[in-house]
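File shown here: run-v6.txt, holding compact mmCIF, C-alpha atoms and all ligand atoms.
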# COMPACT_ATOMS: atom_id res chain seq x y z
CA MET A 209 -4.80 -17.55 -5.79
CA ARG A 210 -3.84 -14.13 -4.54
CA LYS A 211 -5.73 -13.12 -1.40
CA PRO A 212 -7.31 -9.66 -1.72
CA LEU A 213 -5.51 -7.02 0.33
CA MET A 214 -7.04 -3.76 1.57
CA VAL A 215 -4.70 -1.22 3.09
CA GLY A 216 -5.76 1.94 4.89
CA ASN A 217 -3.18 4.71 4.54
CA TRP A 218 -4.19 7.25 7.17
CA LYS A 219 -1.48 9.69 6.03
CA MET A 220 -0.98 12.53 8.56
CA ASN A 221 -4.38 12.08 10.20
CA LYS A 222 -5.63 11.03 13.64
CA THR A 223 -4.18 11.77 17.04
CA ILE A 224 -3.91 8.90 19.51
CA THR A 225 -7.20 10.06 21.04
CA GLU A 226 -8.87 9.93 17.63
CA SER A 227 -7.22 6.65 16.65
CA ILE A 228 -8.64 4.67 19.57
CA PRO A 229 -12.36 4.82 18.63
CA LEU A 230 -11.57 4.35 14.93
CA ILE A 231 -9.58 1.17 15.53
CA THR A 232 -12.00 -0.11 18.16
CA ASP A 233 -14.90 0.25 15.73
CA LEU A 234 -12.92 -1.35 12.92
CA THR A 235 -12.09 -4.42 14.98
CA GLU A 236 -15.79 -4.71 15.80
CA PHE A 237 -17.08 -4.21 12.22
CA LEU A 238 -14.48 -6.55 10.73
CA LYS A 239 -14.53 -9.18 13.44
CA ASP A 240 -13.74 -12.64 12.07
CA TYR A 241 -13.76 -11.38 8.47
CA ARG A 242 -11.08 -13.41 6.73
CA LYS A 243 -11.84 -13.19 3.02
CA THR A 244 -9.65 -10.12 2.70
CA GLU A 245 -6.31 -9.34 4.28
CA ILE A 246 -6.70 -6.06 6.17
CA VAL A 247 -3.92 -3.62 7.02
CA ILE A 248 -4.06 -0.22 8.68
CA CYS A 249 -1.20 2.25 8.44
CA PRO A 250 -1.67 4.94 11.09
CA PRO A 251 0.90 7.67 11.72
CA TYR A 252 3.90 6.60 13.82
CA THR A 253 2.43 8.15 16.97
CA SER A 254 -0.56 5.79 16.87
CA LEU A 255 1.30 2.58 16.03
CA TRP A 256 1.64 1.43 19.61
CA VAL A 257 -1.99 1.98 20.56
CA ALA A 258 -3.04 0.36 17.28
CA ARG A 259 -0.90 -2.67 18.04
CA GLU A 260 -2.57 -3.04 21.42
CA LEU A 261 -6.08 -2.65 20.01
CA ILE A 262 -5.69 -5.06 17.10
CA GLN A 263 -4.10 -7.83 19.14
CA ASP A 264 -5.91 -11.09 18.46
CA SER A 265 -7.83 -9.47 15.61
CA ASN A 266 -7.65 -10.08 11.85
CA ILE A 267 -6.19 -6.60 11.26
CA LEU A 268 -2.48 -6.17 10.58
CA LEU A 269 -0.31 -3.14 11.16
CA GLY A 270 1.71 -1.15 8.65
CA ALA A 271 3.75 2.06 8.67
CA GLN A 272 3.86 4.83 6.08
CA ASN A 273 7.62 5.16 5.66
CA LEU A 274 11.00 4.20 7.12
CA TYR A 275 14.62 5.26 6.88
CA PHE A 276 17.18 2.90 5.42
CA GLN A 277 19.69 2.89 8.28
CA ASN A 278 19.38 0.56 11.29
CA ASP A 279 19.89 3.29 13.91
CA GLY A 280 22.15 6.24 14.62
CA ALA A 281 22.30 10.01 14.24
CA TYR A 282 19.37 10.56 11.86
CA THR A 283 17.20 13.04 13.72
CA GLY A 284 13.51 12.60 13.05
CA GLU A 285 13.76 9.25 11.29
CA ILE A 286 12.34 5.79 12.09
CA SER A 287 14.06 2.53 11.18
CA ALA A 288 12.80 -0.82 9.90
CA ARG A 289 14.11 -2.36 13.12
CA MET A 290 11.84 -0.06 15.14
CA LEU A 291 8.84 -0.86 12.95
CA GLN A 292 9.45 -4.57 13.21
CA ASN A 293 9.77 -4.25 16.97
CA ILE A 294 6.50 -2.33 17.34
CA GLY A 295 4.63 -5.03 15.43
CA CYS A 296 4.39 -3.80 11.85
CA SER A 297 4.04 -6.36 9.09
CA TYR A 298 3.91 -3.91 6.20
CA VAL A 299 5.38 -0.54 5.25
CA ILE A 300 4.27 1.81 2.48
CA LEU A 301 7.27 3.04 0.47
CA GLY A 302 7.69 5.51 -2.36
CA HIS A 303 4.28 7.13 -1.99
CA SER A 304 3.92 10.00 -4.45
CA GLU A 305 3.48 12.43 -1.55
CA ARG A 306 6.91 11.39 -0.25
CA ARG A 307 8.41 11.70 -3.71
CA GLU A 308 6.87 15.11 -4.26
CA TYR A 309 6.99 16.87 -0.86
CA PHE A 310 10.08 15.21 0.60
CA GLN A 311 12.15 14.79 -2.55
CA GLU A 312 12.50 11.04 -2.22
CA ASN A 313 14.16 9.66 -5.29
CA SER A 314 14.11 6.19 -6.78
CA LYS A 315 17.49 5.32 -5.26
CA ASP A 316 16.29 6.22 -1.73
CA ILE A 317 13.11 4.23 -2.25
CA ALA A 318 15.00 1.18 -3.51
CA ARG A 319 17.24 1.27 -0.42
CA LYS A 320 14.17 1.53 1.80
CA VAL A 321 12.60 -1.48 0.08
CA GLN A 322 15.76 -3.50 0.68
CA GLN A 323 15.84 -2.43 4.32
CA ALA A 324 12.18 -3.35 4.83
CA LEU A 325 12.75 -6.82 3.38
CA ASP A 326 15.89 -7.33 5.47
CA PHE A 327 13.78 -6.79 8.59
CA GLY A 328 10.91 -9.01 7.54
CA LEU A 329 8.55 -6.18 6.62
CA LYS A 330 6.53 -6.44 3.43
CA PRO A 331 7.01 -3.28 1.36
CA ILE A 332 4.01 -1.76 -0.41
CA ILE A 333 5.80 -0.02 -3.25
CA CYS A 334 3.89 2.87 -4.81
CA VAL A 335 4.24 3.93 -8.41
CA GLY A 336 2.14 6.13 -10.67
CA GLU A 337 2.15 8.91 -13.21
CA LYS A 338 1.10 12.56 -13.10
CA LEU A 339 -1.86 13.80 -15.14
CA LYS A 340 0.46 15.60 -17.55
CA GLU A 341 2.38 12.40 -18.15
CA ARG A 342 -0.81 10.46 -18.82
CA ASN A 343 -1.98 13.14 -21.25
CA GLU A 344 1.36 13.00 -23.01
CA GLY A 345 0.97 9.24 -23.42
CA ILE A 346 4.00 8.39 -21.31
CA ALA A 347 2.24 6.86 -18.28
CA GLN A 348 3.66 3.38 -18.91
CA LYS A 349 7.14 4.74 -19.43
CA VAL A 350 7.01 6.59 -16.09
CA VAL A 351 5.73 3.54 -14.22
CA LYS A 352 8.32 1.33 -15.90
CA GLU A 353 11.15 3.61 -14.79
CA GLU A 354 9.86 3.68 -11.21
CA VAL A 355 9.49 -0.08 -11.12
CA GLU A 356 12.88 -0.75 -12.71
CA ALA A 357 14.60 1.30 -10.00
CA ILE A 358 13.12 -1.16 -7.50
CA PHE A 359 13.94 -4.19 -9.65
CA SER A 360 17.58 -3.11 -9.66
CA ILE A 361 17.84 -4.07 -5.97
CA LEU A 362 14.99 -6.54 -5.50
CA LYS A 363 16.41 -10.05 -5.36
CA PRO A 364 14.42 -12.87 -6.98
CA LEU A 365 13.99 -14.58 -3.61
CA ASP A 366 12.51 -11.40 -2.10
CA ALA A 367 10.30 -10.39 -5.00
CA GLY A 368 7.44 -12.64 -3.95
CA ARG A 369 7.16 -10.78 -0.63
CA ALA A 370 6.74 -7.36 -2.21
CA VAL A 371 3.41 -5.68 -2.87
CA PHE A 372 3.05 -3.01 -5.55
CA ALA A 373 0.47 -0.24 -5.61
CA TYR A 374 -0.43 1.61 -8.78
CA GLU A 375 -1.53 5.07 -7.67
CA PRO A 376 -1.99 7.52 -10.53
CA ILE A 377 -1.23 10.88 -8.93
CA TRP A 378 -4.20 12.56 -10.60
CA ALA A 379 -6.55 10.15 -8.85
CA ILE A 380 -5.24 10.66 -5.32
CA GLY A 381 -7.58 12.69 -3.12
CA THR A 382 -9.43 14.09 -6.13
CA GLY A 383 -12.57 11.96 -6.07
CA LYS A 384 -11.71 10.94 -9.64
CA ALA A 385 -10.63 7.32 -9.51
CA ALA A 386 -9.11 5.70 -12.57
CA THR A 387 -11.62 3.66 -14.52
CA PRO A 388 -11.38 -0.05 -13.75
CA ARG A 389 -10.19 -0.56 -17.34
CA ASP A 390 -7.36 2.00 -17.06
CA ALA A 391 -6.29 0.65 -13.66
CA GLN A 392 -6.39 -2.92 -14.99
CA ASP A 393 -4.35 -2.00 -18.07
CA MET A 394 -1.54 -0.48 -16.03
CA ILE A 395 -1.56 -3.20 -13.40
CA LYS A 396 -1.50 -5.88 -16.08
CA TYR A 397 1.49 -4.09 -17.59
CA LEU A 398 3.18 -4.03 -14.18
CA ARG A 399 2.62 -7.76 -13.85
CA LYS A 400 4.21 -8.25 -17.25
CA LEU A 401 7.27 -6.31 -16.11
CA LEU A 402 7.43 -8.55 -13.05
CA LYS A 403 7.16 -11.63 -15.27
CA ASP A 404 9.93 -10.46 -17.58
CA LYS A 405 12.22 -9.87 -14.63
CA TYR A 406 11.31 -12.60 -12.11
CA GLY A 407 9.37 -15.21 -14.07
CA LYS A 408 5.77 -16.30 -14.31
CA LYS A 409 5.45 -17.89 -10.89
CA THR A 410 6.57 -14.77 -9.01
CA ALA A 411 4.52 -12.46 -11.23
CA GLU A 412 1.41 -14.47 -10.45
CA GLN A 413 2.14 -14.46 -6.76
CA VAL A 414 2.82 -10.72 -6.23
CA ARG A 415 -0.18 -8.65 -5.24
CA ILE A 416 -0.71 -5.38 -7.05
CA LEU A 417 -3.11 -2.85 -5.57
CA TYR A 418 -4.87 0.13 -7.06
CA GLY A 419 -4.97 3.42 -5.13
CA GLY A 420 -6.62 6.77 -5.79
CA SER A 421 -10.12 7.83 -4.65
CA VAL A 422 -11.22 4.28 -3.85
CA ASN A 423 -14.51 4.15 -1.95
CA PRO A 424 -17.20 1.59 -1.09
CA ASP A 425 -19.07 2.44 -4.30
CA ASN A 426 -16.27 1.93 -6.82
CA ILE A 427 -14.33 -0.90 -5.17
CA LYS A 428 -16.42 -3.74 -6.54
CA ALA A 429 -15.88 -2.80 -10.18
CA LEU A 430 -12.15 -2.35 -9.57
CA MET A 431 -11.88 -5.73 -7.86
CA ALA A 432 -13.71 -7.40 -10.73
CA GLU A 433 -10.63 -6.81 -12.90
CA PRO A 434 -8.38 -9.86 -13.08
CA ASP A 435 -5.09 -8.20 -12.14
CA ILE A 436 -6.29 -5.85 -9.38
CA ASP A 437 -5.67 -7.58 -6.05
CA GLY A 438 -6.81 -4.91 -3.62
CA ALA A 439 -6.68 -1.24 -2.80
CA LEU A 440 -4.51 1.31 -1.06
CA VAL A 441 -7.08 3.61 0.48
CA GLY A 442 -6.57 7.14 1.80
CA GLY A 443 -9.62 9.24 2.70
CA ALA A 444 -12.07 6.34 2.83
CA SER A 445 -9.96 4.57 5.46
CA LEU A 446 -10.49 7.33 8.02
CA GLN A 447 -14.01 6.28 8.94
CA ALA A 448 -14.55 2.83 10.36
CA ASP A 449 -17.89 2.09 8.70
CA THR A 450 -16.67 3.28 5.30
CA PHE A 451 -13.46 1.28 5.40
CA ALA A 452 -15.28 -1.78 6.72
CA ARG A 453 -17.80 -1.61 3.86
CA LEU A 454 -14.96 -1.31 1.41
CA VAL A 455 -13.15 -4.32 2.88
CA LYS A 456 -16.37 -6.35 2.65
CA TYR A 457 -16.93 -5.27 -0.95
CA ASN A 458 -17.88 -8.75 -2.00
CA ASP A 459 -20.55 -9.44 0.57
CA SER A 460 -24.10 -8.36 -0.02
CA ASN A 461 -24.58 -8.37 3.75
CA GLY A 462 -21.42 -6.33 4.20
CA LEU A 463 -23.36 -3.18 4.94
CA ILE A 464 -22.55 -1.82 8.36
P1 LIG B 501 -7.25 8.69 -1.52
O1 LIG B 501 -7.91 7.34 -1.32
O2 LIG B 501 -7.62 9.68 -0.45
O3 LIG B 501 -7.43 9.20 -2.90
O4 LIG B 501 -5.67 8.46 -1.31
C1 LIG B 501 -5.05 7.45 -2.02
C2 LIG B 501 -3.70 7.27 -1.49
O5 LIG B 501 -2.82 8.09 -1.68
C3 LIG B 501 -3.42 6.06 -0.69
O6 LIG B 501 -2.06 5.88 -0.48
What would you get if you wrote out this structure as structure tokens?
Ligand code: 13P
Amino acid sequence: MRKPLMVGNWKMNKTITESIPLITDLTEFLKDYRKTEIVICPPYTSLWVARELIQDSNILLGAQNLYFQNDGAYTGEISARMLQNIGCSYVILGHSERREYFQENSKDIARKVQQALDFGLKPIICVGEKLKERNEGIAQKVVKEEVEAIFSILKPLDAGRAVFAYEPIWAIGTGKAATPRDAQDMIKYLRKLLKDKYGKKTAEQVRILYGGSVNPDNIKALMAEPDIDGALVGGASLQADTFARLVKYNDSNGLI
């Protein structure tokens, strides 16, 4: 059984001053809630304060990126070693915003995944097609290529520790989430690719998330699909009550 996983990707939002009440409220709203694994990924500047505030809580810490060298003359970059040391368990890699605005290519992303795994961080590897690609009927091809670039470096022993996130680019920040059926179809396909490469056991163990305009109203239908194991949440993770409701999607008394 794969434990549901809800990840809040704060992107470039929240100063330290703004992070403190958000995290404090989250720890309160989600106190002792263990049915879902919960991860928050604040910007680097808030990682330390987040680590302090979530100590002894059920919330884990993740980062939004890393650089694939251990240390050295790479101005402006942050290493896996630093993220491990600050208390991160997870790191988001290959987000479409990084691919698009910062020209990250599949080779860079694969190296980052390797580096994350080498330092004991679980990578949340993002893949997904553009609207044009979906309309052209090549969504699966695009996702396959992105995933295969990762498979080229991902060792069988490490594969079980990876998390994938299917984030169709047209659904991110648009308020237009993929239908549960469309999300399920692509995630099922992704699991098949994992099975072909790493075998049935690993494919059934790896969690695959959906991301793109997830909110407390649409999460339940998405989670009802057999292959969707959780969500990578942007906008709806920036308010404690909203994210808490989303995390508790399965509880009728989950209303905050
Ligand atoms: P939204 O939930 O704001 O659409 O963002 C999704 C996303 O990009 C998470 O990584």
In Å, how far is it from atom CA of Ile262 of chain A to atom CA of Gln292 of chain A?
-> 15.6 Å
Set the cut-off to 7 Å, count all atoms listed in the file, and list whatever residues fall near ligand LIG 501 (chain B) as a PyMOL selection string.
-> chain A and resi 217+303+375+379-383+419-422+440-444
Selection: 8 Å around Ser254 of chain A, all atoms listed in the file, excl. self and same-chain fewer than 5 positions, as an MDAnalysis selection string | chainID A and resid 222:224 227
Distance in Å - atom CA of Ile436 of chain A versus atom CA of Gln392 of chain A |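 Between these atoms lies a distance of 6.3 Å.
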Determine, counting all atoms listed in the file, which protein, DNA and RNA residues have an atom within 10 Å of an atom of Pro229 of chain A; residues of the same chain fewer than 4 positions away are not included. Present the result as a list in words.
->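 Near Pro229 of chain A, the qualifying residues are Ile224, Thr225, Asp233, Leu234, Thr235, Leu261, Gln447 and Ala448 of chain A.
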Grab the atom CA of Lys456 of chain A to atom CA of Ile395 of chain A distance for me, in Å with one decimal place.
-> 22.1 Å
Selected residue of minimal separation from Glu354 of chain A among A:Pro376, A:Gly328, A:Gly302, A:Gly407, counting only C-alpha atoms =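 Among the listed residues, A:Gly302 lies closest to Glu354 of chain A.
Surrounding residues of (-14.2, -1.7, -3.0) at most 9 Å away are Met214, Val422, Asn423, Pro424, Asp425, Asn426, Ile427, Lys428, Ala429, Leu430, Met431, Gly438, Ala439, Phe451, Arg453, Leu454, Val455, Lys456, Tyr457 and Asn458 of chain A (based on only C-alpha atoms).
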Applying 7 Å and all atoms listed in the file, which residues near Ile294 of chain A remain after dropping the ones on its own chain fewer than 3 positions away? List them as a PDB file with C-alpha atoms, in the frame of the given file.
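Final file, out.pdb:
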ATOM      1  CA  TRP A 256       1.640   1.430  19.610  1.00  0.00           C
ATOM      2  CA  MET A 290      11.840  -0.060  15.140  1.00  0.00           C
ATOM      3  CA  LEU A 291       8.840  -0.860  12.950  1.00  0.00           C
TER       4      LEU A 291
END
Who sits within 8 Å of segment 329-341 of chain A, all atoms listed in the file, same chain under 4 positions skipped, as a ChimeraX atom specification | /A:288,292,296-304,321,324-325,345-347,350-351,354-355,369-378
Generate the missing atoms of segment 422-445 of chain A up to N, CA, C and O atoms and report them as a PDB file, in the frame of the given file.
ATOM      1  N   VAL A 422     -10.427   5.514  -4.005  1.00  0.00           N
ATOM      2  CA  VAL A 422     -11.220   4.280  -3.850  1.00  0.00           C
ATOM      3  C   VAL A 422     -12.242   4.504  -2.735  1.00  0.00           C
ATOM      4  O   VAL A 422     -11.943   5.114  -1.709  1.00  0.00           O
ATOM      5  N   ASN A 423     -13.457   4.032  -2.961  1.00  0.00           N
ATOM      6  CA  ASN A 423     -14.510   4.150  -1.950  1.00  0.00           C
ATOM      7  C   ASN A 423     -15.419   2.918  -2.020  1.00  0.00           C
ATOM      8  O   ASN A 423     -15.267   2.084  -2.917  1.00  0.00           O
ATOM      9  N   PRO A 424     -16.362   2.800  -1.092  1.00  0.00           N
ATOM     10  CA  PRO A 424     -17.200   1.590  -1.090  1.00  0.00           C
ATOM     11  C   PRO A 424     -18.027   1.446  -2.366  1.00  0.00           C
ATOM     12  O   PRO A 424     -18.457   0.338  -2.700  1.00  0.00           O
ATOM     13  N   ASP A 425     -18.251   2.533  -3.093  1.00  0.00           N
ATOM     14  CA  ASP A 425     -19.070   2.440  -4.300  1.00  0.00           C
ATOM     15  C   ASP A 425     -18.294   1.987  -5.544  1.00  0.00           C
ATOM     16  O   ASP A 425     -18.867   1.394  -6.447  1.00  0.00           O
ATOM     17  N   ASN A 426     -17.005   2.318  -5.597  1.00  0.00           N
ATOM     18  CA  ASN A 426     -16.270   1.930  -6.820  1.00  0.00           C
ATOM     19  C   ASN A 426     -15.377   0.695  -6.638  1.00  0.00           C
ATOM     20  O   ASN A 426     -14.814   0.188  -7.612  1.00  0.00           O
ATOM     21  N   ILE A 427     -15.276   0.200  -5.409  1.00  0.00           N
ATOM     22  CA  ILE A 427     -14.330  -0.900  -5.170  1.00  0.00           C
ATOM     23  C   ILE A 427     -14.709  -2.181  -5.902  1.00  0.00           C
ATOM     24  O   ILE A 427     -13.848  -2.899  -6.411  1.00  0.00           O
ATOM     25  N   LYS A 428     -15.996  -2.457  -5.975  1.00  0.00           N
ATOM     26  CA  LYS A 428     -16.420  -3.740  -6.540  1.00  0.00           C
ATOM     27  C   LYS A 428     -16.011  -3.855  -8.019  1.00  0.00           C
ATOM     28  O   LYS A 428     -15.495  -4.893  -8.449  1.00  0.00           O
ATOM     29  N   ALA A 429     -16.228  -2.781  -8.748  1.00  0.00           N
ATOM     30  CA  ALA A 429     -15.880  -2.800 -10.180  1.00  0.00           C
ATOM     31  C   ALA A 429     -14.358  -2.915 -10.351  1.00  0.00           C
ATOM     32  O   ALA A 429     -13.877  -3.601 -11.264  1.00  0.00           O
ATOM     33  N   LEU A 430     -13.617  -2.251  -9.479  1.00  0.00           N
ATOM     34  CA  LEU A 430     -12.150  -2.350  -9.570  1.00  0.00           C
ATOM     35  C   LEU A 430     -11.702  -3.779  -9.288  1.00  0.00           C
ATOM     36  O   LEU A 430     -10.881  -4.346 -10.003  1.00  0.00           O
ATOM     37  N   MET A 431     -12.296  -4.375  -8.261  1.00  0.00           N
ATOM     38  CA  MET A 431     -11.880  -5.730  -7.860  1.00  0.00           C
ATOM     39  C   MET A 431     -12.337  -6.800  -8.863  1.00  0.00           C
ATOM     40  O   MET A 431     -11.846  -7.932  -8.821  1.00  0.00           O
ATOM     41  N   ALA A 432     -13.257  -6.434  -9.722  1.00  0.00           N
ATOM     42  CA  ALA A 432     -13.710  -7.400 -10.730  1.00  0.00           C
ATOM     43  C   ALA A 432     -12.660  -7.592 -11.831  1.00  0.00           C
ATOM     44  O   ALA A 432     -12.723  -8.538 -12.609  1.00  0.00           O
ATOM     45  N   GLU A 433     -11.686  -6.695 -11.887  1.00  0.00           N
ATOM     46  CA  GLU A 433     -10.630  -6.810 -12.900  1.00  0.00           C
ATOM     47  C   GLU A 433      -9.636  -7.902 -12.485  1.00  0.00           C
ATOM     48  O   GLU A 433      -9.273  -8.005 -11.316  1.00  0.00           O
ATOM     49  N   PRO A 434      -9.168  -8.674 -13.443  1.00  0.00           N
ATOM     50  CA  PRO A 434      -8.380  -9.860 -13.080  1.00  0.00           C
ATOM     51  C   PRO A 434      -7.040  -9.585 -12.408  1.00  0.00           C
ATOM     52  O   PRO A 434      -6.565 -10.398 -11.629  1.00  0.00           O
ATOM     53  N   ASP A 435      -6.421  -8.445 -12.701  1.00  0.00           N
ATOM     54  CA  ASP A 435      -5.090  -8.200 -12.140  1.00  0.00           C
ATOM     55  C   ASP A 435      -5.083  -7.310 -10.905  1.00  0.00           C
ATOM     56  O   ASP A 435      -4.032  -7.097 -10.299  1.00  0.00           O
ATOM     57  N   ILE A 436      -6.238  -6.753 -10.544  1.00  0.00           N
ATOM     58  CA  ILE A 436      -6.290  -5.850  -9.380  1.00  0.00           C
ATOM     59  C   ILE A 436      -6.558  -6.691  -8.128  1.00  0.00           C
ATOM     60  O   ILE A 436      -7.593  -7.332  -8.006  1.00  0.00           O
ATOM     61  N   ASP A 437      -5.592  -6.676  -7.206  1.00  0.00           N
ATOM     62  CA  ASP A 437      -5.670  -7.580  -6.050  1.00  0.00           C
ATOM     63  C   ASP A 437      -6.113  -6.896  -4.770  1.00  0.00           C
ATOM     64  O   ASP A 437      -6.128  -7.535  -3.711  1.00  0.00           O
ATOM     65  N   GLY A 438      -6.407  -5.602  -4.838  1.00  0.00           N
ATOM     66  CA  GLY A 438      -6.810  -4.910  -3.620  1.00  0.00           C
ATOM     67  C   GLY A 438      -6.655  -3.422  -3.820  1.00  0.00           C
ATOM     68  O   GLY A 438      -6.466  -2.953  -4.942  1.00  0.00           O
ATOM     69  N   ALA A 439      -6.731  -2.698  -2.693  1.00  0.00           N
ATOM     70  CA  ALA A 439      -6.680  -1.240  -2.800  1.00  0.00           C
ATOM     71  C   ALA A 439      -5.834  -0.641  -1.685  1.00  0.00           C
ATOM     72  O   ALA A 439      -5.773  -1.178  -0.567  1.00  0.00           O
ATOM     73  N   LEU A 440      -5.191   0.473  -2.040  1.00  0.00           N
ATOM     74  CA  LEU A 440      -4.510   1.310  -1.060  1.00  0.00           C
ATOM     75  C   LEU A 440      -5.405   2.542  -0.909  1.00  0.00           C
ATOM     76  O   LEU A 440      -5.602   3.295  -1.866  1.00  0.00           O
ATOM     77  N   VAL A 441      -5.961   2.688   0.288  1.00  0.00           N
ATOM     78  CA  VAL A 441      -7.080   3.610   0.480  1.00  0.00           C
ATOM     79  C   VAL A 441      -6.676   4.753   1.407  1.00  0.00           C
ATOM     80  O   VAL A 441      -6.199   4.499   2.519  1.00  0.00           O
ATOM     81  N   GLY A 442      -6.866   5.982   0.970  1.00  0.00           N
ATOM     82  CA  GLY A 442      -6.570   7.140   1.800  1.00  0.00           C
ATOM     83  C   GLY A 442      -7.813   7.588   2.556  1.00  0.00           C
ATOM     84  O   GLY A 442      -8.199   7.010   3.569  1.00  0.00           O
ATOM     85  N   GLY A 443      -8.472   8.615   2.032  1.00  0.00           N
ATOM     86  CA  GLY A 443      -9.620   9.240   2.700  1.00  0.00           C
ATOM     87  C   GLY A 443     -10.665   8.263   3.222  1.00  0.00           C
ATOM     88  O   GLY A 443     -11.148   8.406   4.363  1.00  0.00           O
ATOM     89  N   ALA A 444     -10.994   7.268   2.429  1.00  0.00           N
ATOM     90  CA  ALA A 444     -12.070   6.340   2.830  1.00  0.00           C
ATOM     91  C   ALA A 444     -11.637   5.360   3.916  1.00  0.00           C
ATOM     92  O   ALA A 444     -12.443   4.551   4.366  1.00  0.00           O
ATOM     93  N   SER A 445     -10.374   5.452   4.354  1.00  0.00           N
ATOM     94  CA  SER A 445      -9.960   4.570   5.460  1.00  0.00           C
ATOM     95  C   SER A 445     -10.047   5.284   6.807  1.00  0.00           C
ATOM     96  O   SER A 445      -9.741   4.711   7.845  1.00  0.00           O
TER      97      SER A 445
END
